[in-house]
Every structure is written in C-alpha cells, then in structure tokens.
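The structure under discussion appears below in the form of structure tokens.
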Amino acid sequence: MLQFFIKRIIGLIFVLLGVTFITFIMGYFAPGDPITTLLGLHNTPEQHAKLAHTFGLDLPWYQQYWNFITHALRGDFGLSYESLGRRVTDVIAPSLLVSVQLGLMAFALQLLVGIPVGIIAALRRNTWIDTTSMGTMLFMFALPTFVLIPLYQLLMIFFVQRFNLDGPPLPTSGWEGGPEYKIMPVVILAAAGMGYFARLTRTVMLEVLSQDYVRTARSKGLQERVVVYIHALRNAMLPLLTVIGPSLAFIVTGAFVVETVMAVPGIGFISVNSISTRDWPIVQATVLLLALAVVVMNFVTDILYSVVDPRIRIS
Amino acid sequence: MDIQKSSEQEIKTSIGASLFELELEAPAELEQVGTAPPTVSPFRESLQRFRRDKRAMISLITLIVVFFLALVFPPLYQHLGVTLDNEVAPGFVLHVPSTQYHSPDYQDAARLHQYPSSLHWLGTDDSGQDLLARLLKGWQISLLVVLAVEIQDVVLGVVFGILAGYFGGFLDMILSRFTDLMFAFPGLLFAILVTAIFGEPMQEFVTKVFGNSFAPYGRLVLVALVLGFTVWPQMARFVRAQTLQLKEQQYIEAARTTGTGSMKIILRHILPNVTSLIIIAATLDMAGTVVNEGVLSLLGLGTQPPGSSLGLMIAQYSVYLQAFPYEILWPIVGLVLLVLAFSFVGDGLRDAFDPRTKN
C-alpha cells in the first residue's frame with residue numbers, strides 16, 4: 001500500500017510540475033510587453049528596466065519559473081496587467097467562491113439525479129420508463145452546454161409570450177439574488193454529467209444484477225430491496241468512483257460556457273473577460289487553479305479506488 | 001438433466017427478442033441443402049452488424065447529406081436567385097448578383113432580420129448575412145476542423161502508440177508520462193489557454209500569408225492544431241494497449257522467428273489489426289471535436305465575426321433571442337445534427353466491431 005501510495009505521489013508531483021510549466025511557458029511567450037502596458041506610453045528606458053526588475057521579468061526563464069512556482073504555492077499569482085497592479089489573487093478571490101458554489105451544487109445534482117435514474121432504468125429495463133429516461137439522459141449528455149442555454153432561454157421567452165407574463169418564470173441569467181437565480185445555471189452545468197452518470201449507472205447495475213451472488217441473494221429469499229440496495233449497489237459503486245475525476249473535468253470546462261453566457265461572475269467568467277483584455281496573469285492563474293482542481297481530484301479518486309478495491313494496487 | 005435443460009430454456013427466453021428472431025430465421029437458411037455455408041470474414045460480419053443498426057444507419061445518412069450540403073451545395077446556391085437592384089442613393093442603383101448575396105460573408109444593411117423567402121431561403125440575420133449560406137459555411141468549417149484534428153490524432157496516435165507498444169523501453173516511458181500529463185490537464189482548458197494567448201499572432205500570420213479573406217478563420221488553424229494535440233495521447237494509449245496484446249500473439253512470434261524485420265511486422269501484421277480500433281476511436285472523437293470548436297468560437301477564440309461557424313453564430317444570435325428566436329435555431333439544429341450523427345455512428349461502429357462492449 002505504502003509503495004503504491006509513494007508511486008502515485010511521485011506521479012502527482014510530476015503532473016503538477018508539468019501543469020505549472022505549461023501555464024508558465026504560455027505566459028512567458030505571450031505576445032506584448034506587460035511593462036510597457038503598465039507604464040503607459042511615456043516612459044524612459046531606466047523606468048522600464050526598473051519596473052521589469054521589480055516584477056522579476058529581467059531574470060532568465062528558469063528563475064522566473066522557480067519564482068512562479070514558489071509564489072503560486074504561497075497563493076501569489078503576481079500582478080494583473082489590466083487593472084494597473086492589482087494583485088491577481090484579489091481579482092479572482094470573490095469569483096472563486098462563486099465558482100466553487102456553482103461547481104459543488106452541480107456535482108451534487110449530478111450524483112443525486114444521475115445515479116437514482118440509472119438504478120431505476122436498470123431495474124425496469126426494456127420498459128417505457130427505461131427507454132424514455134435513458135433517451136432523455138442521452139440527449140442531456142450529447143447536447144453541448146452552449147446549446148442547452150439558448151434552448152432554455154427560448155423556452156422562457158415562449159412562456160412569457162404565450163401566457164403574457166411580466167417576466168420569465170425563472171431568471172435566464174445572473175447569479176446574485178435569490179435562490180431562483182441559482183437553479184438554472186446549476187441544472188445546465190450538471191446536465192452533461194447527469195446523463196453520463198445515469199447511463200453508466202444503468203450499465204454497471206445491469207452487469208452486477210446478472211452476477212451469481214445476486215441470484216444467490218434472491219434465491220435465499222431476501223427482499224428485492226435488500227438485494228438491490230445492499231448487495232448490488234455496493235459493488236456497482238466501484239466503477240462509478242473512477243469517473244468522479246472525469247466528471248469534475250466536465251464541470252470545470254462547462255463552467256466556462258455557463259458562466260460566460262449566463263453572466264455568472266465566477267472563475268470562467270473572469271478568465272474569458274481577461275482573455276479579451278489580454279490580462280495573461282489572470283488567465284494563467286485561473287487555468288492553473290482549475291487544472292490543479294482536476295489533477296488533485298483525479299489523484300484522490302485513484303487513491304480512494306485502490307482503498308476500496310485492493311486488486312488495483314497489484315496490477 | 002431435465003433441470004439443466006429447463007434452466008437453459010429460461011436463459012434463452014431472458015436474453016430477449018433478438019435471439020428469437022435469429023432462431024426463426026434459421027430454418028429458412030437451412031433449406032439450402034447441399035451448399036456449403038458461406039464463409040463470412042469477421043470484417044464483413046461486423047459490417048453486416050453495423051448495417052442492421054438502425055440508429056447508426058440513419059446517422060450515417062444524415063452525415064452524408066450534411067457532407068453534400070456543406071461541400072457541394074454552396075456553389076449551386078450562389079447561382080440560384082435573381083440579380084438585385086439596390087438603390088443605395090437616389091438615382092444610383094447597385095446590381096447585386098446572387099453570387100454575392102448568397103455568399104456567407106456578404107452583409108446587406110438594407111435587408112436585416114428577414115424571414116425566409118425565395119431570395120434568402122432561411123432568411124437573413126442582424127447584419128444582413130444570408131442564414132443558409134452561413135449555416136453551410138459553418139458546417140464546412142466544422143468538418144474541416146474535424147478532418148484536421150483527426151489527421152493529427154490518427155498519425156501521431158498510431159505512430160507513437162505502435163512504437164511504444166512494440167519496442168517499449170525509453171520511448172514507452174516518455175509516452176506514458178506525457179499521456180498522464182495530458183489526461184490530467186483538461187483538454188478544453190488547455191485549448192482555451194493556448195488559443196487565448198496565441199490566437200491573435202496566428203490570425204495576423206494567416207492574414208499575411210493567405211490574404212484578408214482568410215482573416216476571420218486565421219485562429220482556426222491554431223484551434224485545429226491545439227485540439228489535435230490534446231486528443232492524440234488518448235489514441236496512442238488505445239493503440240499501445242492493442243499492440244502490446246498483439247505482440248504476444250503466436251503469428252507475430254512466428255513471423256519474428258522466420259526473420260521478418262520489425263518494420264515489416266508492424267506494417268503487415270500489427271497495423272491491419274489495429275485499423276478498426278483506430279477508426280472507432282477517431283469517429284467517437286469527432287463529436288467532441290465539433291463541440292470543442294463550437295465552444296472556442298463561442299468564447300471568441302475561434303472564428304471571428306464576418307466569418308461563419310456554428311459556435312460563433314449561436315453566440316451572435318443569442319443577443320436577438322427575444323425578437324428573432326428562429327434565427328438561433330438554425331445553427332443549433334445544425335450543430336446538434338452533426339454532434340449526434342457523429343456520436344451515433346461512432347457508437348454503432350464500436351458495437352459492430354467490438355460486440356463485447358455491448359451489454
């Protein structure tokens with residue numbers, strides 16, 4: 001176990017270094033001179049050199065990379081170009097909170113809807129319940145987020161026009177405000193993962209339900225409920241654990257679209273805005289944070305999985 | 001004995017209707033007494049399985065129609081329609097032929113937000129661009145990006161996958177470390193980072209080399225490159241795993257003992273055996289590529305405004321949802337058709353060529 005753990009930790013460190021290096025080198029080669037941007041049009045070479053020195057931009061690349069890592073470890077991602085020397089951390093801190101809320105709610109919704117729907121579809125397989133629920137879930141999985149949002153907004157407009165309402169029954173964009181503002185961004189962000197989990201749960205449950213031990217449990221007269229939820233579900237959970245990492249990646253990339261299109265002031269929103277103002281340190285910091293979240297989550301699921309299923313460690 | 005038989009019977013009935021159909025069909029085939037059963041190659045058998053898959057076949061037909069519309073129809077459409085007489089000033093009439101107003105980039109300030117008519121088959125949008133022409137162009141762009149991405153995917157994935165699987169050692173170690181890294185970095189995030197930072201220089205470069213008409217699509221070169229770069233490690237991993245399995249097969253060993261060179265073994269024996277895997281993996285990847293190109297264009301990192309791409313059109317028309325809701329439906333329908341068709345064909349191929357994956 002310890003050997004496996006150490007091996008994985010080494011792998012994690014390698015991946016983390018790779019991710020930081022990619023984000024650093026992108027910023028390093030980014031076009032444009034940040035010092036000129038900060039100083040404005042009127043500056044002397046001495047001022048330029050002095051400011052470059054304060055930012056550490058006159059150092060060779062490996063020293064800059066070292067500084068980038070050590071500062072990032074302390075939660076310092078440098079200074080924003082666009083908002084004239086505001087710290088990147090201060091700019092993204094409030095949006096981080098919004099994104100974490102949005103992401104966690106969407107993740108919870110994925111599990112709370114996806115897994116039960118998958119179980120029900122597996123139990124009632126080849127009935128209309130199975131086909132309709134799996135058809136819906138397939139569409140939710142296959143339809144991209146940026147298609148779901150306008151479709152939902154069209155539906156709200158239809159309601160308003162058809163029933164002569166003063167406003168849409170649910171807000172079509174925004175985040176601050178009552179709980180009704182939180183509903184649709186969360187649902188739309190969760191949609192893809194919901195479909196993914198539901199279909200996977202169905203497949204896994206069908207496989208588990210055809211196992212010998214389930215037949216044994218049934219034949220010794222256990223209640224169907226006990227067989228399904230105690231015997232079968234526990235083993236079906238194993239494969240589901242492995243996809244928690246990928247499903248988080250869904251949420252992270254989906255958040256870019258949901259936040260931008262539905263005007264939710266989260267990490268994705270900030271970074272898309274910073275892309276248009278060419279504020280690379282902010283883009284770097286947000287991408288790094290999101291990638292780190294996915295990497296660490298993958299690592300945790302790996303470890304969790306090997307704890308639950310010892311065979312993984314051997315192979 | 002009896003118990004065993006009855007349980008077999010039960011299992012048969014529980015397997016489902018598909019087996020029954022086969023059993024019912026069987027006697028008709030058996031009537032041809034005396035002729036040897038036709039030998040069907042595994043490939044042909046898979047192809048037959050694919051043909052029986054209704055969903056996949058409908059999707060394939062949809063794809064063919066979209067291909068035709070996107071690649072053949074635009075020039076025809078440009079030659080359909082009368083010449084317009086636009087009076088731009090009193091006494092000054094501009095003759096606009098259909099080759100102009102049916103081209104995706106042409107903007108006509110006198111005809112904004114028009115309903116479908118014989119002049120503009122799907123109407124016009126907020127800048128007077130023909131919606132059908134833009135939709136077709138958007139499909140073209142999507143298909144081009146898919147083609148560019150899959151070429152990289154297959155070439156890089158197969159070369160590195162087979163080399164790593166067959167020779168192992170240092171190359172294998174490097175590849176697996178690299179794929180670990182690429183799997184950890186969410187692909188779209190990487191694409192957003194690269195296209196955000198290097199999109200503008202790329203656009204300037206393409207404009208300088210190919211001229212102004214390519215300016216809106218300059219960033220797509222980078223989009224295709226970076227999307228291809230994020231998908232090939234997956235392909236390499238599939239191919240590597242398959243190669244590792246094949247390498248242990250007896251016929252490969254036999255080839256090696258008779259002195260066949262590694263290059264020949266790879267080309268003659270391994271490559272043909274991974275082909276179906278490559279096709280399936282590439283097809284399954286296409287839907288994701290269409291979506292990712294759409295997201296990048298939607299975020300303003302792909303196609304730029306006068307140009308057309310499905311993602312960009314969705315972004316542009318979502319501003320006019322309330323007043324002109326039907327406009328946004330065209331790019332949405334176009335994109336959803338493409339995405340669903342690609343993924344259903346991919347699913348169908350996988351089920352047909354690798355029946356074990358079907359539950």
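Identifiers in the structure tokens: chain A, B, ... in order shown; residue index from 1 per chain; ligand index from 1 in order shown.
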
Per-residue DSSP, stretch 75-235 of chain B, filtered to strand (DSSP E), as a list in words: Leu84, Asp85, Asn86, Glu87, Val88, Ala89, Phe92, Val93, Leu94, His95 and Val96 of chain B

Could those residues be written to a file, using C-alpha atoms, as a short mmCIF file (atom, residue, chain, number, x, y, z; two decimals), in the first residue's frame?
data_model
loop_
_atom_site.label_atom_id
_atom_site.label_comp_id
_atom_site.auth_asym_id
_atom_site.auth_seq_id
_atom_site.Cartn_x
_atom_site.Cartn_y
_atom_site.Cartn_z
CA LEU B 84 -30.99 42.54 -57.02
CA ASP B 85 -31.24 46.23 -57.77
CA ASN B 86 -30.20 48.06 -54.61
CA GLU B 87 -30.88 51.79 -54.78
CA VAL B 88 -28.09 52.97 -52.48
CA ALA B 89 -28.71 56.65 -53.31
CA PHE B 92 -27.75 55.25 -58.11
CA VAL B 93 -28.67 51.61 -58.49
CA LEU B 94 -26.25 48.86 -57.47
CA HIS B 95 -26.68 45.49 -59.17
CA VAL B 96 -26.04 42.68 -56.70
#

Determine which residues of chain A sit within 6 Å of chain B, taking into account only C-alpha atoms, and present them as a list in words. Val15, Ala30, Ile275, Ala291 and Val295 of chain A

Residues at most 7 Å from stretch 257-263 of chain A, counting only C-alpha atoms, excluding those fewer than 6 positions away in the same chain, as a PyMOL selection string? chain A and resi 145-146+173-174+185+189+269

Neighbours of B:Ser276 within 10 Å (only C-alpha atoms; same-chain residues fewer than 4 positions away dropped), as a VMD selection string? chain B and resid 43 271 to 272 280 to 282 349 to 350 353 to 354

With only C-alpha atoms as the counted atoms, please give the residues lying no more than 7 Å from stretch 284-289 of chain A, apart from itself and same-chain residues fewer than 4 positions off, as a ChimeraX atom specification. /A:20,23,27,77,267,271,280,293 /B:189

Could you please take those selected residues and save N, CA and C atoms as a short mmCIF file (atom, residue, chain, number, x, y, z; two decimals), in the first residue's frame?
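See out-v1.cif below for the written result:
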data_model
loop_
_atom_site.label_atom_id
_atom_site.label_comp_id
_atom_site.auth_asym_id
_atom_site.auth_seq_id
_atom_site.Cartn_x
_atom_site.Cartn_y
_atom_site.Cartn_z
N THR A 20 2.05 23.26 -14.15
CA THR A 20 2.55 24.61 -13.87
C THR A 20 3.49 25.08 -14.97
N THR A 23 1.46 26.22 -18.05
CA THR A 23 0.83 27.53 -17.87
C THR A 23 1.88 28.64 -17.80
N GLY A 27 2.47 31.96 -20.57
CA GLY A 27 2.54 33.36 -20.18
C GLY A 27 3.87 33.98 -20.58
N PHE A 77 -0.15 35.04 -7.43
CA PHE A 77 -0.01 34.83 -8.86
C PHE A 77 0.47 36.08 -9.58
N ILE A 267 -15.01 32.02 -11.92
CA ILE A 267 -13.66 31.93 -12.48
C ILE A 267 -13.68 31.94 -14.01
N SER A 271 -11.97 34.72 -16.44
CA SER A 271 -10.88 34.43 -17.35
C SER A 271 -11.26 34.74 -18.80
N TRP A 280 -2.91 38.31 -19.19
CA TRP A 280 -2.45 36.91 -19.11
C TRP A 280 -2.27 36.39 -17.70
N ALA A 293 -7.35 21.67 -9.63
CA ALA A 293 -8.53 21.05 -9.02
C ALA A 293 -8.78 19.69 -9.66
N LEU B 189 -9.51 23.21 -21.50
CA LEU B 189 -8.84 24.26 -20.73
C LEU B 189 -7.51 24.61 -21.39
#

Close residues, stretch 239-241 of chain A itself excluded, 12 Å, only C-alpha atoms, min 5 positions apart in chain, as an NGL selection string: :A and (111 or 114-115 or 118 or 193 or 196-205 or 207-208 or 233-234 or 246-248 or 297-309 or 312)

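Residues lying within 7 Å of A:Ile35, counting only C-alpha atoms and ignoring same-chain neighbours fewer than 4 positions away, are Leu39, His48, Leu51 and Ala52 of chain A.
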
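Pairwise distance (atom CA of B:Pro42, atom CA of B:Val231) equals 28.9 Å.
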
Choose the residue, out of B:Leu244, B:Ala133, B:Ala341, B:Ala56, that has the smallest atom-to-atom separation from B:Pro75; count only C-alpha atoms.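 Ranking B:Leu244, B:Ala133, B:Ala341, B:Ala56 by distance to B:Pro75, first place goes to B:Ala133.
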